[in-house]
file final.cif (mmCIF, C-alpha atoms)
data_run
loop_
_atom_site.group_PDB
_atom_site.id
_atom_site.type_symbol
_atom_site.label_atom_id
_atom_site.label_comp_id
_atom_site.auth_asym_id
_atom_site.auth_seq_id
_atom_site.Cartn_x
_atom_site.Cartn_y
_atom_site.Cartn_z
ATOM 1 C CA MET A 1 71.049 23.581 94.562
ATOM 2 C CA LYS A 2 74.109 25.481 93.386
ATOM 3 C CA ARG A 3 72.161 28.751 93.591
ATOM 4 C CA VAL A 4 71.086 28.009 97.156
ATOM 5 C CA GLY A 5 74.687 27.251 98.128
ATOM 6 C CA LEU A 6 75.937 30.490 96.566
ATOM 7 C CA THR A 7 73.219 32.482 98.332
ATOM 8 C CA ILE A 8 74.197 30.972 101.677
ATOM 9 C CA LEU A 9 77.881 31.770 101.067
ATOM 10 C CA LEU A 10 77.093 35.384 100.160
ATOM 11 C CA PHE A 11 74.793 35.691 103.184
ATOM 12 C CA CYS A 12 77.482 34.375 105.536
ATOM 13 C CA ALA A 13 80.179 36.549 103.979
ATOM 14 C CA TYR A 14 78.065 39.697 104.282
ATOM 15 C CA PHE A 15 76.896 39.152 107.826
ATOM 16 C CA GLY A 16 80.268 37.792 108.911
ATOM 17 C CA ALA A 17 81.920 41.005 107.725
ATOM 18 C CA SER A 18 79.187 43.088 109.366
ATOM 19 C CA ALA A 19 79.637 41.280 112.662
ATOM 20 C CA GLN A 20 83.374 42.033 112.620
ATOM 21 C CA ARG A 21 82.926 45.710 111.768
ATOM 22 C CA LEU A 22 84.026 47.866 114.677
ATOM 23 C CA PRO A 23 81.636 50.481 116.078
ATOM 24 C CA VAL A 24 82.723 54.081 115.586
ATOM 25 C CA ALA A 25 81.245 55.283 118.893
ATOM 26 C CA TRP A 26 83.798 55.160 121.713
ATOM 27 C CA GLU A 27 81.230 53.959 124.275
ATOM 28 C CA GLU A 28 80.091 51.080 122.050
ATOM 29 C CA LEU A 29 83.558 49.539 121.774
ATOM 30 C CA THR A 30 84.566 46.749 124.104
ATOM 31 C CA SER A 31 87.834 47.151 125.975
ATOM 32 C CA GLY A 32 89.319 44.354 123.896
ATOM 33 C CA ASP A 33 88.293 45.986 120.615
ATOM 34 C CA PHE A 34 89.502 49.456 121.566
ATOM 35 C CA ALA A 35 93.116 48.815 120.518
ATOM 36 C CA LYS A 36 91.875 47.503 117.157
ATOM 37 C CA ALA A 37 89.787 50.659 116.736
ATOM 38 C CA VAL A 38 92.787 52.882 117.484
ATOM 39 C CA SER A 39 94.757 51.067 114.788
ATOM 40 C CA GLU A 40 91.932 51.096 112.232
ATOM 41 C CA SER A 41 91.267 54.795 112.837
ATOM 42 C CA GLY A 42 94.889 55.721 112.271
ATOM 43 C CA GLY A 43 94.861 57.124 115.800
ATOM 44 C CA VAL A 44 92.119 59.647 114.994
ATOM 45 C CA CYS A 45 89.313 60.614 117.377
ATOM 46 C CA ILE A 46 86.507 63.139 116.880
ATOM 47 C CA ILE A 47 85.024 65.082 119.802
ATOM 48 C CA PRO A 48 81.470 66.183 118.817
ATOM 49 C CA MET A 49 80.857 69.422 120.704
ATOM 50 C CA GLY A 50 77.791 71.453 121.640
ATOM 51 C CA VAL A 51 76.151 72.795 124.796
ATOM 52 C CA MET A 52 72.900 72.646 126.722
ATOM 53 C CA GLU A 53 70.982 75.785 125.718
ATOM 54 C CA LYS A 54 67.610 77.049 124.636
ATOM 55 C CA HIS A 55 66.762 76.721 120.943
ATOM 56 C CA GLY A 56 63.560 78.730 120.737
ATOM 57 C CA GLN A 57 60.465 76.988 122.044
ATOM 58 C CA HIS A 58 60.473 74.312 119.343
ATOM 59 C CA LEU A 59 63.863 72.544 119.545
ATOM 60 C CA PRO A 60 65.464 70.564 122.401
ATOM 61 C CA LEU A 61 68.174 71.968 124.665
ATOM 62 C CA GLY A 62 70.659 69.460 123.261
ATOM 63 C CA THR A 63 70.157 70.410 119.601
ATOM 64 C CA ASP A 64 73.847 71.177 119.034
ATOM 65 C CA LEU A 65 74.825 67.853 120.600
ATOM 66 C CA TYR A 66 72.492 65.921 118.325
ATOM 67 C CA THR A 67 73.723 67.655 115.181
ATOM 68 C CA ALA A 68 77.423 67.380 116.093
ATOM 69 C CA ARG A 69 77.126 63.682 116.969
ATOM 70 C CA ASP A 70 75.136 62.912 113.812
ATOM 71 C CA ILE A 71 77.772 64.572 111.618
ATOM 72 C CA SER A 72 80.612 62.845 113.470
ATOM 73 C CA LEU A 73 79.111 59.347 113.481
ATOM 74 C CA LYS A 74 78.078 59.427 109.828
ATOM 75 C CA ALA A 75 81.441 60.806 108.696
ATOM 76 C CA ALA A 76 83.334 58.233 110.784
ATOM 77 C CA GLN A 77 81.285 55.432 109.245
ATOM 78 C CA LYS A 78 82.503 56.568 105.821
ATOM 79 C CA GLU A 79 86.112 57.162 106.872
ATOM 80 C CA TYR A 80 86.759 55.215 110.058
ATOM 81 C CA ALA A 81 87.531 57.240 113.175
ATOM 82 C CA ILE A 82 86.591 56.882 116.835
ATOM 83 C CA VAL A 83 83.839 59.238 117.960
ATOM 84 C CA PHE A 84 83.943 60.444 121.557
ATOM 85 C CA PRO A 85 80.628 60.721 123.481
ATOM 86 C CA ALA A 86 78.633 63.931 122.987
ATOM 87 C CA TYR A 87 80.559 66.733 124.719
ATOM 88 C CA PHE A 88 78.414 69.475 126.272
ATOM 89 C CA ALA A 89 80.897 71.377 128.494
ATOM 90 C CA GLY A 90 81.233 74.404 126.228
ATOM 91 C CA GLN A 91 80.978 78.204 126.367
ATOM 92 C CA ILE A 92 77.370 79.338 126.841
ATOM 93 C CA PHE A 93 77.381 82.279 129.270
ATOM 94 C CA GLU A 94 75.211 84.270 126.852
ATOM 95 C CA ALA A 95 72.207 82.023 127.626
ATOM 96 C CA LYS A 96 72.454 81.863 131.425
ATOM 97 C CA GLN A 97 69.147 83.736 131.737
ATOM 98 C CA GLN A 98 67.306 80.910 129.930
ATOM 99 C CA PRO A 99 65.937 77.731 131.604
ATOM 100 C CA GLY A 100 67.955 74.557 131.071
ATOM 101 C CA THR A 101 71.279 76.224 130.274
ATOM 102 C CA VAL A 102 74.376 74.539 131.715
ATOM 103 C CA ALA A 103 77.168 77.139 131.835
ATOM 104 C CA TYR A 104 80.331 75.895 133.525
ATOM 105 C CA SER A 105 82.992 78.401 134.611
ATOM 106 C CA ALA A 106 85.561 79.611 132.088
ATOM 107 C CA ASP A 107 88.531 77.906 133.740
ATOM 108 C CA LEU A 108 86.627 74.625 134.066
ATOM 109 C CA ILE A 109 85.597 74.374 130.408
ATOM 110 C CA TYR A 110 89.206 74.940 129.358
ATOM 111 C CA LYS A 111 90.641 72.472 131.869
ATOM 112 C CA LEU A 112 88.017 69.832 131.134
ATOM 113 C CA LEU A 113 88.653 69.910 127.394
ATOM 114 C CA ASP A 114 92.397 69.872 128.009
ATOM 115 C CA GLU A 115 92.088 66.889 130.363
ATOM 116 C CA THR A 116 89.815 65.131 127.874
ATOM 117 C CA CYS A 117 92.389 65.517 125.098
ATOM 118 C CA ARG A 118 95.134 64.255 127.391
ATOM 119 C CA GLU A 119 93.039 61.205 128.352
ATOM 120 C CA ILE A 120 92.300 60.472 124.706
ATOM 121 C CA SER A 121 96.046 60.656 124.011
ATOM 122 C CA ARG A 122 96.823 58.394 126.982
ATOM 123 C CA ASN A 123 94.615 55.798 125.318
ATOM 124 C CA GLY A 124 96.854 55.766 122.246
ATOM 125 C CA ILE A 125 95.056 58.312 120.057
ATOM 126 C CA LYS A 126 97.377 61.084 118.901
ATOM 127 C CA LYS A 127 95.173 63.030 116.483
ATOM 128 C CA ILE A 128 92.067 64.737 117.885
ATOM 129 C CA ILE A 129 89.474 66.545 115.769
ATOM 130 C CA LEU A 130 87.169 69.033 117.490
ATOM 131 C CA MET A 131 83.799 68.963 115.669
ATOM 132 C CA ASN A 132 81.719 71.863 116.946
ATOM 133 C CA SER A 133 78.041 72.653 116.266
ATOM 134 C CA HIS A 134 77.623 75.573 118.687
ATOM 135 C CA GLY A 135 78.388 79.130 117.548
ATOM 136 C CA GLY A 136 79.240 80.249 121.080
ATOM 137 C CA ASN A 137 82.145 77.777 121.106
ATOM 138 C CA ASN A 138 83.858 79.192 118.025
ATOM 139 C CA ASN A 139 86.127 81.754 119.696
ATOM 140 C CA PHE A 140 86.693 79.528 122.728
ATOM 141 C CA LEU A 141 87.938 76.677 120.526
ATOM 142 C CA LEU A 142 90.216 78.945 118.503
ATOM 143 C CA TYR A 143 91.728 80.086 121.785
ATOM 144 C CA PHE A 144 91.945 76.500 123.072
ATOM 145 C CA CYS A 145 93.931 75.461 120.019
ATOM 146 C CA GLN A 146 96.528 78.204 120.390
ATOM 147 C CA PRO A 147 97.764 77.254 123.920
ATOM 148 C CA GLN A 148 98.461 73.756 122.603
ATOM 149 C CA LEU A 149 101.896 75.306 122.077
ATOM 150 C CA GLU A 150 102.236 76.215 125.750
ATOM 151 C CA SER A 151 104.060 72.991 126.634
ATOM 152 C CA ALA A 152 105.180 69.769 124.963
ATOM 153 C CA ARG A 153 102.572 67.100 124.223
ATOM 154 C CA ASP A 154 102.576 63.968 122.092
ATOM 155 C CA TYR A 155 99.311 64.631 120.270
ATOM 156 C CA ALA A 156 97.859 67.221 117.908
ATOM 157 C CA VAL A 157 94.475 68.948 118.033
ATOM 158 C CA TYR A 158 92.695 69.893 114.818
ATOM 159 C CA LEU A 159 89.623 72.156 114.665
ATOM 160 C CA TYR A 160 87.096 71.219 111.966
ATOM 161 C CA ARG A 161 85.979 74.439 110.243
ATOM 162 C CA PRO A 162 83.475 73.726 107.454
ATOM 163 C CA GLU A 163 83.029 76.188 104.617
ATOM 164 C CA VAL A 164 79.788 76.852 102.801
ATOM 165 C CA ASP A 165 79.809 75.351 99.318
ATOM 166 C CA PRO A 166 78.370 77.948 96.887
ATOM 167 C CA GLN A 167 76.325 75.373 94.953
ATOM 168 C CA ILE A 168 74.935 73.817 98.121
ATOM 169 C CA GLN A 169 74.132 77.285 99.407
ATOM 170 C CA LYS A 170 72.089 77.946 96.278
ATOM 171 C CA SER A 171 70.104 74.761 96.888
ATOM 172 C CA ILE A 172 69.498 75.766 100.497
ATOM 173 C CA ALA A 173 68.460 79.295 99.523
ATOM 174 C CA ALA A 174 65.994 77.915 96.973
ATOM 175 C CA LEU A 175 64.252 75.843 99.649
ATOM 176 C CA ARG A 176 64.251 78.468 102.406
ATOM 177 C CA LYS A 177 61.138 80.498 103.148
ATOM 178 C CA SER A 178 62.896 82.942 105.513
ATOM 179 C CA THR A 179 65.862 85.199 104.845
ATOM 180 C CA THR A 180 67.234 85.685 108.368
ATOM 181 C CA GLY A 181 68.616 83.242 110.877
ATOM 182 C CA GLY A 182 71.467 82.225 113.118
ATOM 183 C CA HIS A 183 70.050 80.135 115.943
ATOM 184 C CA ALA A 184 67.128 77.677 116.064
ATOM 185 C CA ASP A 185 66.253 79.144 112.675
ATOM 186 C CA GLU A 186 64.779 77.514 109.584
ATOM 187 C CA VAL A 187 67.994 75.682 108.634
ATOM 188 C CA GLU A 188 68.864 74.393 112.105
ATOM 189 C CA SER A 189 65.257 73.346 112.673
ATOM 190 C CA SER A 190 65.253 71.575 109.298
ATOM 191 C CA ILE A 191 68.365 69.625 110.310
ATOM 192 C CA MET A 192 66.676 68.484 113.500
ATOM 193 C CA MET A 193 63.547 67.540 111.524
ATOM 194 C CA TYR A 194 65.836 65.387 109.377
ATOM 195 C CA ILE A 195 67.859 63.668 112.133
ATOM 196 C CA ARG A 196 65.480 63.715 115.147
ATOM 197 C CA PRO A 197 61.948 64.645 114.041
ATOM 198 C CA ASP A 198 60.552 63.157 117.256
ATOM 199 C CA LEU A 199 62.145 66.020 119.237
ATOM 200 C CA VAL A 200 60.935 68.913 117.075
ATOM 201 C CA LYS A 201 57.811 70.854 118.064
ATOM 202 C CA ILE A 202 57.599 73.040 114.988
ATOM 203 C CA GLU A 203 54.090 74.223 115.910
ATOM 204 C CA ARG A 204 55.770 76.262 118.682
ATOM 205 C CA ALA A 205 58.217 78.022 116.315
ATOM 206 C CA GLY A 206 56.080 81.157 116.305
ATOM 207 C CA ASP A 207 55.521 81.333 120.064
ATOM 208 C CA GLU A 208 58.383 83.818 120.488
ATOM 209 C CA SER A 209 60.071 86.323 118.220
ATOM 210 C CA GLY A 210 63.431 85.573 116.640
ATOM 211 C CA ALA A 211 63.823 89.109 115.283
ATOM 212 C CA ASP A 212 67.029 91.100 115.750
ATOM 213 C CA LEU A 213 66.228 93.832 118.311
ATOM 214 C CA ASP A 214 69.575 95.579 117.675
ATOM 215 C CA ARG A 215 69.654 97.098 121.174
ATOM 216 C CA LEU A 216 73.438 97.563 121.350
ATOM 217 C CA LYS A 217 74.572 100.415 119.109
ATOM 218 C CA LEU A 218 78.326 100.022 118.541
ATOM 219 C CA THR A 219 80.557 100.741 115.573
ATOM 220 C CA ASN A 220 84.022 99.185 115.280
ATOM 221 C CA ALA A 221 83.687 97.759 118.768
ATOM 222 C CA TYR A 222 82.653 94.552 120.516
ATOM 223 C CA ALA A 223 80.964 93.855 123.862
ATOM 224 C CA SER A 224 80.135 90.493 125.388
ATOM 225 C CA ILE A 225 76.458 91.394 125.776
ATOM 226 C CA TRP A 226 76.004 91.710 121.973
ATOM 227 C CA TRP A 227 73.978 88.489 121.564
ATOM 228 C CA TYR A 228 71.547 89.363 124.344
ATOM 229 C CA GLY A 229 71.245 92.826 122.838
ATOM 230 C CA LYS A 230 70.079 91.272 119.580
ATOM 231 C CA TYR A 231 68.221 88.091 120.563
ATOM 232 C CA PRO A 232 67.010 88.079 124.180
ATOM 233 C CA ASN A 233 64.725 85.092 123.437
ATOM 234 C CA HIS A 234 67.789 83.082 122.357
ATOM 235 C CA TYR A 235 66.155 82.539 118.993
ATOM 236 C CA ALA A 236 67.436 84.129 115.785
ATOM 237 C CA GLY A 237 65.326 83.794 112.660
ATOM 238 C CA ASP A 238 61.989 82.214 111.794
ATOM 239 C CA ALA A 239 61.777 78.416 111.809
ATOM 240 C CA ARG A 240 58.166 78.038 110.730
ATOM 241 C CA GLY A 241 59.136 77.068 107.170
ATOM 242 C CA ALA A 242 61.515 74.289 108.223
ATOM 243 C CA ASN A 243 61.442 71.010 106.301
ATOM 244 C CA PRO A 244 63.565 67.821 106.457
ATOM 245 C CA MET A 245 64.693 68.052 102.804
ATOM 246 C CA LEU A 246 66.445 71.317 103.556
ATOM 247 C CA GLY A 247 67.950 69.738 106.674
ATOM 248 C CA GLU A 248 69.317 66.765 104.751
ATOM 249 C CA ILE A 249 71.106 69.017 102.254
ATOM 250 C CA ALA A 250 72.642 71.175 104.987
ATOM 251 C CA GLN A 251 73.705 68.222 107.136
ATOM 252 C CA THR A 252 75.102 66.121 104.290
ATOM 253 C CA GLN A 253 77.404 68.956 103.231
ATOM 254 C CA LYS A 254 78.993 69.053 106.691
ATOM 255 C CA ILE A 255 79.317 65.265 106.821
ATOM 256 C CA GLU A 256 81.116 65.111 103.474
ATOM 257 C CA GLN A 257 83.484 67.893 104.487
ATOM 258 C CA LEU A 258 84.301 66.123 107.746
ATOM 259 C CA VAL A 259 85.030 62.910 105.825
ATOM 260 C CA GLU A 260 87.673 64.831 103.874
ATOM 261 C CA VAL A 261 89.103 66.332 107.071
ATOM 262 C CA ILE A 262 89.414 62.857 108.632
ATOM 263 C CA LYS A 263 91.326 61.684 105.559
ATOM 264 C CA GLN A 264 93.641 64.704 105.736
ATOM 265 C CA VAL A 265 94.281 64.265 109.456
ATOM 266 C CA LYS A 266 95.008 60.546 109.016
ATOM 267 C CA ALA A 267 97.549 61.335 106.310
ATOM 268 C CA ASP A 268 99.095 64.285 108.157
ATOM 269 C CA LYS A 269 102.636 63.690 109.399
ATOM 270 C CA SER A 270 103.608 67.327 109.773
ATOM 271 C CA ALA A 271 101.645 68.670 112.758
ATOM 272 C CA ILE A 272 103.192 66.486 115.475
ATOM 273 C CA GLU A 273 106.630 66.589 113.839
ATOM 274 C CA LEU A 274 106.524 70.394 113.698
ATOM 275 C CA GLN A 275 105.230 70.580 117.269
ATOM 276 C CA ASN A 276 108.144 68.453 118.490
ATOM 277 C CA ARG A 277 110.631 70.639 116.639
ATOM 278 C CA PHE A 278 108.963 73.756 118.005
ATOM 279 C CA PHE A 279 108.989 72.527 121.616
ATOM 280 C CA LYS A 280 112.668 71.579 121.330
ATOM 281 C CA GLU A 281 113.601 74.990 119.956
ATOM 282 C CA ALA A 282 111.429 76.768 122.541
ATOM 283 C CA LEU A 283 113.484 75.227 125.386
ATOM 284 C CA SER A 284 116.438 77.358 124.368
ATOM 285 C CA PRO A 285 115.496 80.083 121.867
ATOM 286 C CA VAL A 286 118.938 81.731 121.902
ATOM 287 C CA LYS A 287 120.660 78.583 120.670
#
call {"tool": "encode", "arguments": {"input": "final.cif", "output": "structure tokens"}}
result
Amino acid sequence: MKRVGLTILLFCAYFGASAQRLPVAWEELTSGDFAKAVSESGGVCIIPMGVMEKHGQHLPLGTDLYTARDISLKAAQKEYAIVFPAYFAGQIFEAKQQPGTVAYSADLIYKLLDETCREISRNGIKKIILMNSHGGNNNFLLYFCQPQLESARDYAVYLYRPEVDPQIQKSIAALRKSTTGGHADEVESSIMMYIRPDLVKIERAGDESGADLDRLKLTNAYASIWWYGKYPNHYAGDARGANPMLGEIAQTQKIEQLVEVIKQVKADKSAIELQNRFFKEALSPVK
């Protein structure tokens, strides 16, 4: 009888705690629980970013959104933070010739992200992490972060920039069957096989070539058409050897690194303080 009573108590304690656990996804929170989530998160929100673009003939258009959201949700479950809905208004002009691409104008993607950050701040969240899974967003997001100093604001934006761990890279290299890549390749396809296998059509991975055509011959120079010059099929690499084990290793590395970034951002007291000092001094530089 005592054992039965103890089992019931443990059962109630476990499921009672589970029932009270706040969701990490912004859209899953009730209005009443949102303030609790802001407090529990330390005022930290992650925006998982990607775009709508072709990923060969074997991966869905929203591949970057799925990978960014998976990383963000899993990291936030380990170190609590609020995760904004999947954000697809990014820079993707280089794929406008491909079906399914959604390429908003340059001024709109900047303004929309700026407005989104301001709305997140208005809701009491003062630390915003941009978690990007789309290579074409990299330079845009670096630029977006710099004009945060244009005018005073009461929040700070942090760009998550994962680094490749040498040991993890060795494990990935040992599992890979191809040596080239960059987009919808063996690694990215393996990640999708790990997180959303129902959306992967790996039998189509060889329908088009992902070889580098190297059609733009430039030295010490850059031109915006460089990606099209290399990969007109919007596919870089060979995904036919993809496997979920490889995907799990690659994805887990990014999740663990984001967990550490969340912890750092929660503990950070310098960014906003320095911003405030900077904005005050910028009002009257001569003084």
call {"tool": "closest_residue", "arguments": {"input": "final.cif", "among": "A:Ile168, A:Tyr66, A:Ala35, A:Met49", "to": "Ile109 of chain A", "atoms": "all atoms listed in the file"}}
result
A:Met49
call {"tool": "residues_around", "arguments": {"input": "final.cif", "residues": "segment 72-86 of chain A", "least_positions_apart": "2", "cutoff": "9 Å", "atoms": "only C-alpha atoms", "output": "number ranges by chain"}}
result
A: 23-27, 37-38, 40-50, 65-70, 88, 120, 131, 254-260, 262-263
call {"tool": "closest_atom_pairs", "arguments": {"input": "final.cif", "of": "segment 71-126 of chain A", "to": "segment 212-232 of chain A", "cutoff": "10 Å", "atoms": "only C-alpha atoms", "output": "CSV"}}
result
residue,atom,partner,partner_atom,distance
A:Phe93,CA,A:Ser224,CA,9.5
A:Glu94,CA,A:Tyr228,CA,6.8
A:Ala95,CA,A:Tyr228,CA,8.1
A:Gln97,CA,A:Pro232,CA,9.0
A:Gln98,CA,A:Pro232,CA,9.2
call {"tool": "resolve_selection", "arguments": {"input": "final.cif", "expression": "the PyMOL selection byres ((chain A and resi 188) around 9)", "output": "JSON, numbers by chain"}}
result
{"A": [63, 67, 181, 182, 183, 184, 185, 186, 187, 189, 190, 191, 192, 193, 239, 242, 247, 250]}
call {"tool": "residues_around", "arguments": {"input": "final.cif", "residues": "Ala271 of chain A", "least_positions_apart": "4", "cutoff": "9 Å", "atoms": "all atoms listed in the file", "output": "mmCIF file with C-alpha atoms, keeping the file's coordinate frame"}}
result
data_model
loop_
_atom_site.group_PDB
_atom_site.id
_atom_site.type_symbol
_atom_site.label_atom_id
_atom_site.label_comp_id
_atom_site.auth_asym_id
_atom_site.auth_seq_id
_atom_site.Cartn_x
_atom_site.Cartn_y
_atom_site.Cartn_z
ATOM 1 C CA TYR A 155 99.311 64.631 120.270
ATOM 2 C CA ALA A 156 97.859 67.221 117.908
ATOM 3 C CA VAL A 157 94.475 68.948 118.033
ATOM 4 C CA GLN A 275 105.230 70.580 117.269
ATOM 5 C CA ASN A 276 108.144 68.453 118.490
#
call {"tool": "atom_distance", "arguments": {"input": "final.cif", "atom1": "atom CA of Val200 of chain A", "atom2": "atom CA of Leu59 of chain A"}}
result
5.3 Å
call {"tool": "resolve_selection", "arguments": {"input": "final.cif", "expression": "the PyMOL selection byres ((chain A and resi 137-153) around 9)", "output": "NGL selection string"}}
result
:A and (49-51 or 90-92 or 110 or 113-114 or 118 or 130 or 132-136 or 154-159 or 272 or 275-276 or 278-280)
call {"tool": "residues_around", "arguments": {"input": "final.cif", "residues": "Ile172 of chain A", "least_positions_apart": "3", "cutoff": "10 Å", "atoms": "only C-alpha atoms", "output": "list in words"}}
result
Pro166, Gln167, Ile168, Gln169, Leu175, Arg176, Lys177, Val187, Met245, Leu246, Gly247, Glu248, Ile249 and Ala250 of chain A
call {"tool": "atom_distance", "arguments": {"input": "final.cif", "atom1": "atom CA of Val164 of chain A", "atom2": "atom CA of Gly241 of chain A"}}
result
21.1 Å
call {"tool": "closest_residue", "arguments": {"input": "final.cif", "among": "A:Val265, A:Ala173, A:Ala205, A:Ala89", "to": "Ala236 of chain A", "atoms": "only C-alpha atoms"}}
result
A:Ala205
call {"tool": "closest_residue", "arguments": {"input": "final.cif", "among": "A:Leu61, A:Val102, A:Ile202, A:Ile125", "to": "Ser39 of chain A", "atoms": "only C-alpha atoms"}}
result
A:Ile125
call {"tool": "atom_distance", "arguments": {"input": "final.cif", "atom1": "atom CA of Ala211 of chain A", "atom2": "atom CA of Asp238 of chain A"}}
result
7.9 Å
call {"tool": "closest_residue", "arguments": {"input": "final.cif", "among": "A:Glu115, A:Tyr104, A:Tyr235, A:Thr30", "to": "Lys54 of chain A", "atoms": "all atoms listed in the file"}}
result
A:Tyr235
call {"tool": "axis_aligned_box", "arguments": {"input": "final.cif", "around": "segment 213-225 of chain A", "padding_each_side": "4 Å", "output": "JSON"}}
result
{"center_x": 75.1, "center_y": 95.6, "center_z": 120.5, "size_x": 25.8, "size_y": 18.2, "size_z": 18.5}
call {"tool": "resolve_selection", "arguments": {"input": "final.cif", "expression": "the PyMOL selection byres ((chain A and resi 206) around 10)", "output": "list in words"}}
result
Gly56, Gln57, His58, Ile202, Glu203, Arg204, Ala205, Asp207, Glu208, Ser209, Gly210, Asp238, Ala239 and Arg240 of chain A
call {"tool": "closest_residue", "arguments": {"input": "final.cif", "among": "A:Asp64, A:Asp268, A:Glu53, A:Asp165", "to": "Asn233 of chain A", "atoms": "all atoms listed in the file"}}
result
A:Glu53
call {"tool": "decode", "arguments": {"input": "final.cif", "residues": "segment 175-187 of chain A", "atoms": "C-alpha atoms", "output": "PDB file, in the first residue's frame"}}
result
ATOM      1  CA  LEU A 175      30.308  10.006 -42.245  1.00  0.00           C
ATOM      2  CA  ARG A 176      30.176  12.094 -45.426  1.00  0.00           C
ATOM      3  CA  LYS A 177      30.291  10.444 -48.834  1.00  0.00           C
ATOM      4  CA  SER A 178      30.730  13.718 -50.770  1.00  0.00           C
ATOM      5  CA  THR A 179      33.437  16.345 -50.440  1.00  0.00           C
ATOM      6  CA  THR A 180      31.649  19.426 -51.798  1.00  0.00           C
ATOM      7  CA  GLY A 181      28.580  21.263 -50.622  1.00  0.00           C
ATOM      8  CA  GLY A 182      27.017  24.510 -49.527  1.00  0.00           C
ATOM      9  CA  HIS A 183      23.298  24.316 -50.224  1.00  0.00           C
ATOM     10  CA  ALA A 184      20.846  21.388 -50.120  1.00  0.00           C
ATOM     11  CA  ASP A 185      23.984  19.264 -49.919  1.00  0.00           C
ATOM     12  CA  GLU A 186      24.671  16.043 -48.039  1.00  0.00           C
ATOM     13  CA  VAL A 187      24.858  17.718 -44.610  1.00  0.00           C
TER      14      VAL A 187
END
